file entry_13.pdb (PDB, C-alpha atoms)
ATOM      1  CA  ARG A 285     -54.850 -57.701  10.911  1.00  0.00           C
ATOM      2  CA  LEU A 286     -51.854 -55.443  11.020  1.00  0.00           C
ATOM      3  CA  GLU A 287     -49.242 -58.162  10.630  1.00  0.00           C
ATOM      4  CA  LYS A 288     -45.920 -57.601   8.908  1.00  0.00           C
ATOM      5  CA  ARG A 289     -46.912 -59.930   6.040  1.00  0.00           C
ATOM      6  CA  LYS A 290     -49.821 -57.612   5.194  1.00  0.00           C
ATOM      7  CA  GLY A 291     -47.332 -55.082   3.773  1.00  0.00           C
ATOM      8  CA  LEU A 292     -48.581 -51.928   5.497  1.00  0.00           C
ATOM      9  CA  LYS A 293     -45.178 -50.229   5.307  1.00  0.00           C
ATOM     10  CA  TYR A 294     -45.241 -50.502   1.487  1.00  0.00           C
ATOM     11  CA  LEU A 295     -48.700 -48.966   1.342  1.00  0.00           C
ATOM     12  CA  LEU A 296     -47.656 -46.120   3.647  1.00  0.00           C
ATOM     13  CA  SER A 297     -44.588 -45.434   1.525  1.00  0.00           C
ATOM     14  CA  ALA A 298     -46.698 -45.461  -1.675  1.00  0.00           C
ATOM     15  CA  TYR A 299     -49.273 -43.239  -0.012  1.00  0.00           C
ATOM     16  CA  SER A 300     -46.626 -40.668   0.907  1.00  0.00           C
ATOM     17  CA  LYS A 301     -45.636 -40.458  -2.778  1.00  0.00           C
ATOM     18  CA  LEU A 302     -49.258 -40.055  -3.895  1.00  0.00           C
ATOM     19  CA  LYS A 303     -49.853 -37.172  -1.482  1.00  0.00           C
ATOM     20  CA  TRP A 304     -47.764 -34.860  -3.669  1.00  0.00           C
ATOM     21  CA  ASN A 305     -50.336 -34.992  -6.469  1.00  0.00           C
ATOM     22  CA  TRP A 306     -53.410 -35.638  -4.332  1.00  0.00           C
ATOM     23  CA  PRO A 307     -53.005 -33.641  -1.116  1.00  0.00           C
ATOM     24  CA  ASN A 308     -56.613 -34.381  -0.053  1.00  0.00           C
ATOM     25  CA  LEU A 309     -56.097 -38.131  -0.266  1.00  0.00           C
ATOM     26  CA  ARG A 310     -56.942 -40.066   2.882  1.00  0.00           C
ATOM     27  CA  LEU A 311     -55.916 -43.567   3.883  1.00  0.00           C
ATOM     28  CA  LEU A 312     -58.153 -45.668   6.115  1.00  0.00           C
ATOM     29  CA  VAL A 313     -56.517 -48.733   7.641  1.00  0.00           C
ATOM     30  CA  LEU A 314     -58.803 -51.389   9.044  1.00  0.00           C
ATOM     31  CA  GLY A 315     -57.667 -54.363  11.071  1.00  0.00           C
ATOM     32  CA  ALA A 316     -56.762 -55.492  14.530  1.00  0.00           C
ATOM     33  CA  GLY A 317     -53.249 -54.976  15.845  1.00  0.00           C
ATOM     34  CA  ASN A 318     -50.675 -52.234  15.772  1.00  0.00           C
ATOM     35  CA  PRO A 319     -48.414 -50.995  12.994  1.00  0.00           C
ATOM     36  CA  ASP A 320     -44.835 -52.285  13.076  1.00  0.00           C
ATOM     37  CA  ALA A 321     -41.813 -50.095  13.793  1.00  0.00           C
ATOM     38  CA  ASP A 322     -41.122 -49.475  10.078  1.00  0.00           C
ATOM     39  CA  SER A 323     -44.688 -48.253   9.574  1.00  0.00           C
ATOM     40  CA  TYR A 324     -44.458 -45.880  12.536  1.00  0.00           C
ATOM     41  CA  ARG A 325     -41.130 -44.592  11.193  1.00  0.00           C
ATOM     42  CA  ILE A 326     -42.622 -43.883   7.732  1.00  0.00           C
ATOM     43  CA  ILE A 327     -45.636 -42.133   9.261  1.00  0.00           C
ATOM     44  CA  GLY A 328     -43.394 -39.931  11.406  1.00  0.00           C
ATOM     45  CA  GLU A 329     -40.698 -39.149   8.838  1.00  0.00           C
ATOM     46  CA  ARG A 330     -43.165 -38.318   6.091  1.00  0.00           C
ATOM     47  CA  LYS A 331     -45.661 -36.546   8.332  1.00  0.00           C
ATOM     48  CA  LEU A 332     -48.594 -38.732   7.326  1.00  0.00           C
ATOM     49  CA  ASP A 333     -51.089 -37.138   9.686  1.00  0.00           C
ATOM     50  CA  ASP A 334     -54.109 -38.203   7.629  1.00  0.00           C
ATOM     51  CA  VAL A 335     -53.660 -41.965   7.914  1.00  0.00           C
ATOM     52  CA  VAL A 336     -56.570 -43.182  10.019  1.00  0.00           C
ATOM     53  CA  PHE A 337     -56.200 -46.447  11.939  1.00  0.00           C
ATOM     54  CA  LEU A 338     -59.677 -47.756  12.682  1.00  0.00           C
ATOM     55  CA  GLY A 339     -58.736 -51.086  14.265  1.00  0.00           C
ATOM     56  CA  ALA A 340     -61.047 -54.076  14.074  1.00  0.00           C
ATOM     57  CA  VAL A 341     -64.527 -53.145  12.870  1.00  0.00           C
ATOM     58  CA  SER A 342     -67.841 -54.986  12.685  1.00  0.00           C
ATOM     59  CA  ASP A 343     -68.959 -56.555   9.407  1.00  0.00           C
ATOM     60  CA  LYS A 344     -71.608 -53.839   9.118  1.00  0.00           C
ATOM     61  CA  ASP A 345     -69.014 -51.071   9.514  1.00  0.00           C
ATOM     62  CA  LYS A 346     -66.600 -52.848   7.172  1.00  0.00           C
ATOM     63  CA  ALA A 347     -69.299 -52.917   4.471  1.00  0.00           C
ATOM     64  CA  ARG A 348     -69.880 -49.202   5.037  1.00  0.00           C
ATOM     65  CA  TYR A 349     -66.161 -48.448   4.633  1.00  0.00           C
ATOM     66  CA  TYR A 350     -66.018 -50.464   1.403  1.00  0.00           C
ATOM     67  CA  LYS A 351     -69.002 -48.543   0.025  1.00  0.00           C
ATOM     68  CA  SER A 352     -67.423 -45.175   0.840  1.00  0.00           C
ATOM     69  CA  SER A 353     -63.999 -46.012  -0.628  1.00  0.00           C
ATOM     70  CA  HIS A 354     -62.710 -45.323  -4.102  1.00  0.00           C
ATOM     71  CA  ILE A 355     -59.973 -47.983  -4.092  1.00  0.00           C
ATOM     72  CA  TYR A 356     -59.200 -51.019  -1.953  1.00  0.00           C
ATOM     73  CA  CYS A 357     -55.539 -51.880  -1.544  1.00  0.00           C
ATOM     74  CA  SER A 358     -53.950 -55.001  -0.115  1.00  0.00           C
ATOM     75  CA  PRO A 359     -50.145 -54.950  -0.388  1.00  0.00           C
ATOM     76  CA  ALA A 360     -49.596 -58.348   1.290  1.00  0.00           C
ATOM     77  CA  ILE A 361     -46.130 -59.768   0.743  1.00  0.00           C
ATOM     78  CA  GLY A 362     -47.117 -63.441   0.684  1.00  0.00           C
ATOM     79  CA  LYS A 363     -48.613 -66.339   2.617  1.00  0.00           C
ATOM     80  CA  GLU A 364     -52.192 -65.404   1.690  1.00  0.00           C
ATOM     81  CA  SER A 365     -54.074 -68.589   0.969  1.00  0.00           C
ATOM     82  CA  PHE A 366     -57.046 -66.836  -0.597  1.00  0.00           C
ATOM     83  CA  GLY A 367     -58.238 -63.272  -1.139  1.00  0.00           C
ATOM     84  CA  ILE A 368     -61.439 -63.061   0.917  1.00  0.00           C
ATOM     85  CA  VAL A 369     -60.782 -59.363   1.588  1.00  0.00           C
ATOM     86  CA  LEU A 370     -60.430 -58.798  -2.145  1.00  0.00           C
ATOM     87  CA  LEU A 371     -63.776 -60.492  -2.759  1.00  0.00           C
ATOM     88  CA  GLU A 372     -65.423 -58.341  -0.099  1.00  0.00           C
ATOM     89  CA  ALA A 373     -64.178 -55.180  -1.801  1.00  0.00           C
ATOM     90  CA  MET A 374     -65.090 -56.519  -5.246  1.00  0.00           C
ATOM     91  CA  ALA A 375     -68.617 -57.409  -4.073  1.00  0.00           C
ATOM     92  CA  ALA A 376     -68.971 -53.774  -2.989  1.00  0.00           C
ATOM     93  CA  GLY A 377     -67.947 -52.620  -6.479  1.00  0.00           C
ATOM     94  CA  ILE A 378     -64.562 -51.246  -5.415  1.00  0.00           C
ATOM     95  CA  PRO A 379     -61.555 -51.635  -7.740  1.00  0.00           C
ATOM     96  CA  VAL A 380     -58.665 -53.466  -6.124  1.00  0.00           C
ATOM     97  CA  VAL A 381     -54.929 -52.876  -6.087  1.00  0.00           C
ATOM     98  CA  ALA A 382     -53.175 -55.893  -4.621  1.00  0.00           C
ATOM     99  CA  SER A 383     -49.868 -57.688  -4.614  1.00  0.00           C
ATOM    100  CA  ASP A 384     -49.383 -60.239  -7.359  1.00  0.00           C
ATOM    101  CA  ILE A 385     -49.158 -63.217  -5.038  1.00  0.00           C
ATOM    102  CA  GLU A 386     -50.601 -66.692  -5.458  1.00  0.00           C
ATOM    103  CA  GLY A 387     -53.585 -66.342  -3.134  1.00  0.00           C
ATOM    104  CA  TYR A 388     -54.644 -63.064  -4.720  1.00  0.00           C
ATOM    105  CA  SER A 389     -53.967 -63.826  -8.369  1.00  0.00           C
ATOM    106  CA  SER A 390     -56.431 -66.722  -8.152  1.00  0.00           C
ATOM    107  CA  VAL A 391     -59.204 -64.230  -7.341  1.00  0.00           C
ATOM    108  CA  ILE A 392     -58.425 -61.143  -9.418  1.00  0.00           C
ATOM    109  CA  LYS A 393     -57.436 -60.793 -13.049  1.00  0.00           C
ATOM    110  CA  HIS A 394     -54.959 -57.985 -13.637  1.00  0.00           C
ATOM    111  CA  GLY A 395     -56.580 -55.180 -15.587  1.00  0.00           C
ATOM    112  CA  GLN A 396     -60.044 -56.647 -15.146  1.00  0.00           C
ATOM    113  CA  GLU A 397     -61.244 -56.271 -11.535  1.00  0.00           C
ATOM    114  CA  GLY A 398     -58.204 -54.321 -10.459  1.00  0.00           C
ATOM    115  CA  LEU A 399     -54.447 -54.175 -10.687  1.00  0.00           C
ATOM    116  CA  LEU A 400     -51.855 -56.650  -9.437  1.00  0.00           C
ATOM    117  CA  VAL A 401     -48.432 -55.276  -8.588  1.00  0.00           C
ATOM    118  CA  THR A 402     -45.028 -56.617  -7.682  1.00  0.00           C
ATOM    119  CA  PRO A 403     -44.942 -57.472  -3.964  1.00  0.00           C
ATOM    120  CA  LYS A 404     -42.828 -55.204  -1.733  1.00  0.00           C
ATOM    121  CA  SER A 405     -42.714 -52.432  -4.363  1.00  0.00           C
ATOM    122  CA  ASP A 406     -44.033 -49.133  -3.066  1.00  0.00           C
ATOM    123  CA  ASP A 407     -43.285 -47.575  -6.482  1.00  0.00           C
ATOM    124  CA  LYS A 408     -45.469 -50.092  -8.356  1.00  0.00           C
ATOM    125  CA  LEU A 409     -48.162 -49.740  -5.708  1.00  0.00           C
ATOM    126  CA  ALA A 410     -48.128 -45.950  -6.085  1.00  0.00           C
ATOM    127  CA  GLU A 411     -48.241 -46.239  -9.909  1.00  0.00           C
ATOM    128  CA  ALA A 412     -51.265 -48.553  -9.821  1.00  0.00           C
ATOM    129  CA  ILE A 413     -53.171 -46.423  -7.304  1.00  0.00           C
ATOM    130  CA  SER A 414     -52.290 -43.301  -9.299  1.00  0.00           C
ATOM    131  CA  MET A 415     -53.671 -44.887 -12.469  1.00  0.00           C
ATOM    132  CA  LEU A 416     -57.004 -45.491 -10.737  1.00  0.00           C
ATOM    133  CA  LEU A 417     -57.064 -42.056  -9.092  1.00  0.00           C
ATOM    134  CA  LYS A 418     -56.598 -40.404 -12.491  1.00  0.00           C
ATOM    135  CA  ASP A 419     -59.316 -42.394 -14.253  1.00  0.00           C
ATOM    136  CA  SER A 420     -62.760 -42.556 -12.656  1.00  0.00           C
ATOM    137  CA  ASN A 421     -64.115 -44.507 -15.659  1.00  0.00           C
ATOM    138  CA  LEU A 422     -61.491 -47.185 -15.083  1.00  0.00           C
ATOM    139  CA  ARG A 423     -62.428 -47.355 -11.392  1.00  0.00           C
ATOM    140  CA  VAL A 424     -66.111 -47.778 -12.281  1.00  0.00           C
ATOM    141  CA  SER A 425     -65.350 -50.399 -14.936  1.00  0.00           C
ATOM    142  CA  MET A 426     -63.091 -52.436 -12.662  1.00  0.00           C
ATOM    143  CA  GLY A 427     -65.562 -52.098  -9.820  1.00  0.00           C
ATOM    144  CA  GLY A 428     -68.324 -53.477 -12.048  1.00  0.00           C
ATOM    145  CA  HIS A 429     -66.171 -56.378 -13.217  1.00  0.00           C
ATOM    146  CA  GLY A 430     -65.256 -57.071  -9.606  1.00  0.00           C
ATOM    147  CA  ARG A 431     -68.883 -57.187  -8.528  1.00  0.00           C
ATOM    148  CA  LEU A 432     -69.602 -59.792 -11.217  1.00  0.00           C
ATOM    149  CA  ARG A 433     -66.483 -61.834 -10.428  1.00  0.00           C
ATOM    150  CA  ALA A 434     -67.324 -61.902  -6.722  1.00  0.00           C
ATOM    151  CA  LYS A 435     -70.600 -63.667  -7.559  1.00  0.00           C
ATOM    152  CA  ASP A 436     -68.563 -66.632  -8.807  1.00  0.00           C
ATOM    153  CA  PHE A 437     -67.395 -67.146  -5.224  1.00  0.00           C
ATOM    154  CA  ARG A 438     -70.781 -67.073  -3.508  1.00  0.00           C
ATOM    155  CA  TRP A 439     -71.366 -70.168  -1.398  1.00  0.00           C
ATOM    156  CA  GLU A 440     -74.182 -71.283  -3.668  1.00  0.00           C
ATOM    157  CA  SER A 441     -71.883 -71.252  -6.704  1.00  0.00           C
ATOM    158  CA  VAL A 442     -68.958 -72.901  -4.947  1.00  0.00           C
ATOM    159  CA  ALA A 443     -71.161 -75.623  -3.411  1.00  0.00           C
ATOM    160  CA  LYS A 444     -72.671 -76.372  -6.828  1.00  0.00           C
ATOM    161  CA  GLN A 445     -69.197 -76.731  -8.375  1.00  0.00           C
ATOM    162  CA  VAL A 446     -68.074 -79.047  -5.576  1.00  0.00           C
ATOM    163  CA  MET A 447     -71.190 -81.212  -5.954  1.00  0.00           C
ATOM    164  CA  GLU A 448     -70.697 -81.416  -9.719  1.00  0.00           C
ATOM    165  CA  TYR A 449     -67.133 -82.561  -9.182  1.00  0.00           C
ATOM    166  CA  TYR A 450     -68.209 -85.163  -6.607  1.00  0.00           C
ATOM    167  CA  ASN A 451     -70.798 -86.461  -9.092  1.00  0.00           C
ATOM    168  CA  VAL A 452     -68.118 -86.827 -11.781  1.00  0.00           C
ATOM    169  CA  LEU A 453     -65.896 -88.755  -9.357  1.00  0.00           C
ATOM    170  CA  TYR A 454     -68.820 -90.929  -8.272  1.00  0.00           C
ATOM    171  CA  GLU A 455     -69.701 -91.754 -11.883  1.00  0.00           C
ATOM    172  CA  GLU A 456     -66.080 -92.599 -12.686  1.00  0.00           C
ATOM    173  CA  HIS A 457     -65.870 -94.852  -9.621  1.00  0.00           C
ATOM    174  CA  ALA A 458     -69.227 -96.518 -10.369  1.00  0.00           C
ATOM    175  CA  ASN A 459     -68.119 -97.329 -13.933  1.00  0.00           C
ATOM    176  CA  ASN A 460     -64.872 -98.990 -12.825  1.00  0.00           C
TER     177      ASN A 460
END
call {"tool": "encode", "arguments": {"input": "entry_13.pdb", "output": "structure tokens"}}
result
Amino acid sequence: RLEKRKGLKYLLSAYSKLKWNWPNLRLLVLGAGNPDADSYRIIGERKLDDVVFLGAVSDKDKARYYKSSHIYCSPAIGKESFGIVLLEAMAAGIPVVASDIEGYSSVIKHGQEGLLVTPKSDDKLAEAISMLLKDSNLRVSMGGHGRLRAKDFRWESVAKQVMEYYNVLYEEHANN
């Protein structure tokens, strides 16, 4: 969703800085809604004609976009309870650049599956994306680590952990 808390304006600002070194770079933005006024202003002022807003897409199309991407970026500024979108990208083998916020830092380890950056910092966002753009081996490595980490969050794994915890609680209660 294109809500203010998703941090689109910071990504657009970072993207405009990256375009100097990578003029063929393209930004695909998926999600229902419309950009806020700040985002429209950045697009217009910096002539970001190659930002493509795709709106809401089906799960099938979303998977296709993940597979065709080099980097997934989520610059959310807070209030993310959990990073499902990060896991989706990681499961597709895409390195992640995301804000270092509580909901995201519980899913991704900085430097392992991707890079966590200071929220609301277009400079830090641009630096992290630039690092991945410069180093295809790093992208592949982080993508591979992400694919493995995402398996830890499959329903089968999570359900097993929950059941194990319930069994521990049951045993403790039964012995009291």
call {"tool": "resolve_selection", "arguments": {"input": "entry_13.pdb", "expression": "the PyMOL selection byres ((chain A and resi 411) around 12)", "output": "number ranges by chain"}}
result
A: 295, 298-299, 301-302, 305, 381, 399-402, 405-410, 412-418
call {"tool": "resolve_selection", "arguments": {"input": "entry_13.pdb", "expression": "the PyMOL selection byres ((chain A and resi 397) around 7)", "output": "JSON list (two decimals) with C-alpha atoms, in the coordinates of the input"}}
result
[["chain", "number", "residue", "atom", "x", "y", "z"],
["A", 379, "PRO", "CA", -61.56, -51.64, -7.74],
["A", 380, "VAL", "CA", -58.66, -53.47, -6.12],
["A", 392, "ILE", "CA", -58.42, -61.14, -9.42],
["A", 393, "LYS", "CA", -57.44, -60.79, -13.05],
["A", 394, "HIS", "CA", -54.96, -57.98, -13.64],
["A", 395, "GLY", "CA", -56.58, -55.18, -15.59],
["A", 396, "GLN", "CA", -60.04, -56.65, -15.15],
["A", 398, "GLY", "CA", -58.20, -54.32, -10.46],
["A", 426, "MET", "CA", -63.09, -52.44, -12.66],
["A", 427, "GLY", "CA", -65.56, -52.10, -9.82],
["A", 429, "HIS", "CA", -66.17, -56.38, -13.22],
["A", 430, "GLY", "CA", -65.26, -57.07, -9.61]]
call {"tool": "closest_residue", "arguments": {"input": "entry_13.pdb", "among": "A:Val424, A:Leu432, A:Val369, A:Leu312", "to": "A:Asp343", "atoms": "all atoms listed in the file"}}
result
A:Val369
call {"tool": "atom_distance", "arguments": {"input": "entry_13.pdb", "atom1": "atom CA of A:Ser358", "atom2": "atom CA of A:Ala382"}}
result
4.7 Å
call {"tool": "resolve_selection", "arguments": {"input": "entry_13.pdb", "expression": "the PyMOL selection byres ((chain A and resi 291) around 12)", "output": "NGL selection string"}}
result
:A and (285-290 or 292-298 or 313 or 319-320 or 322-323 or 357-364 or 382-383 or 402-406 or 409)
call {"tool": "atom_distance", "arguments": {"input": "entry_13.pdb", "atom1": "atom CA of A:Lys351", "atom2": "atom CA of A:Ile327"}}
result
25.9 Å
call {"tool": "closest_residue", "arguments": {"input": "entry_13.pdb", "among": "A:Arg423, A:Ser365, A:Glu372, A:Val341", "to": "A:Gly387", "atoms": "only C-alpha atoms"}}
result
A:Ser365
call {"tool": "axis_aligned_box", "arguments": {"input": "entry_13.pdb", "around": "stretch 379-383 of chain A", "padding_each_side": "3 Å", "output": "AutoDock Vina command-line options"}}
result
--center_x -55.7 --center_y -54.7 --center_z -6.2 --size_x 17.7 --size_y 12.1 --size_z 9.1
call {"tool": "residues_around", "arguments": {"input": "entry_13.pdb", "residues": "A:Tyr350", "least_positions_apart": "3", "cutoff": "9 Å", "atoms": "all atoms listed in the file", "output": "list in words"}}
result
Asp345, Lys346, Ala347, Ser353, His354, Ile355, Tyr356, Glu372, Ala373, Ala376, Gly377 and Ile378 of chain A
call {"tool": "atom_distance", "arguments": {"input": "entry_13.pdb", "atom1": "atom CA of A:Phe337", "atom2": "atom CA of A:Pro307"}}
result
18.6 Å
call {"tool": "closest_residue", "arguments": {"input": "entry_13.pdb", "among": "A:Asp333, A:Asp419, A:Asp384, A:Glu455", "to": "A:Lys303", "atoms": "all atoms listed in the file"}}
result
A:Asp333
call {"tool": "residues_near_point", "arguments": {"input": "entry_13.pdb", "point": "(-55.0, -41.0, 4.6)", "cutoff": "7 Å", "atoms": "all atoms listed in the file", "output": "list in words"}}
result
Leu309, Arg310, Leu311, Leu312, Asp334, Val335 and Val336 of chain A
call {"tool": "closest_residue", "arguments": {"input": "entry_13.pdb", "among": "A:Val391, A:Met447, A:Ile385, A:Leu338", "to": "A:Ile368", "atoms": "all atoms listed in the file"}}
result
A:Val391
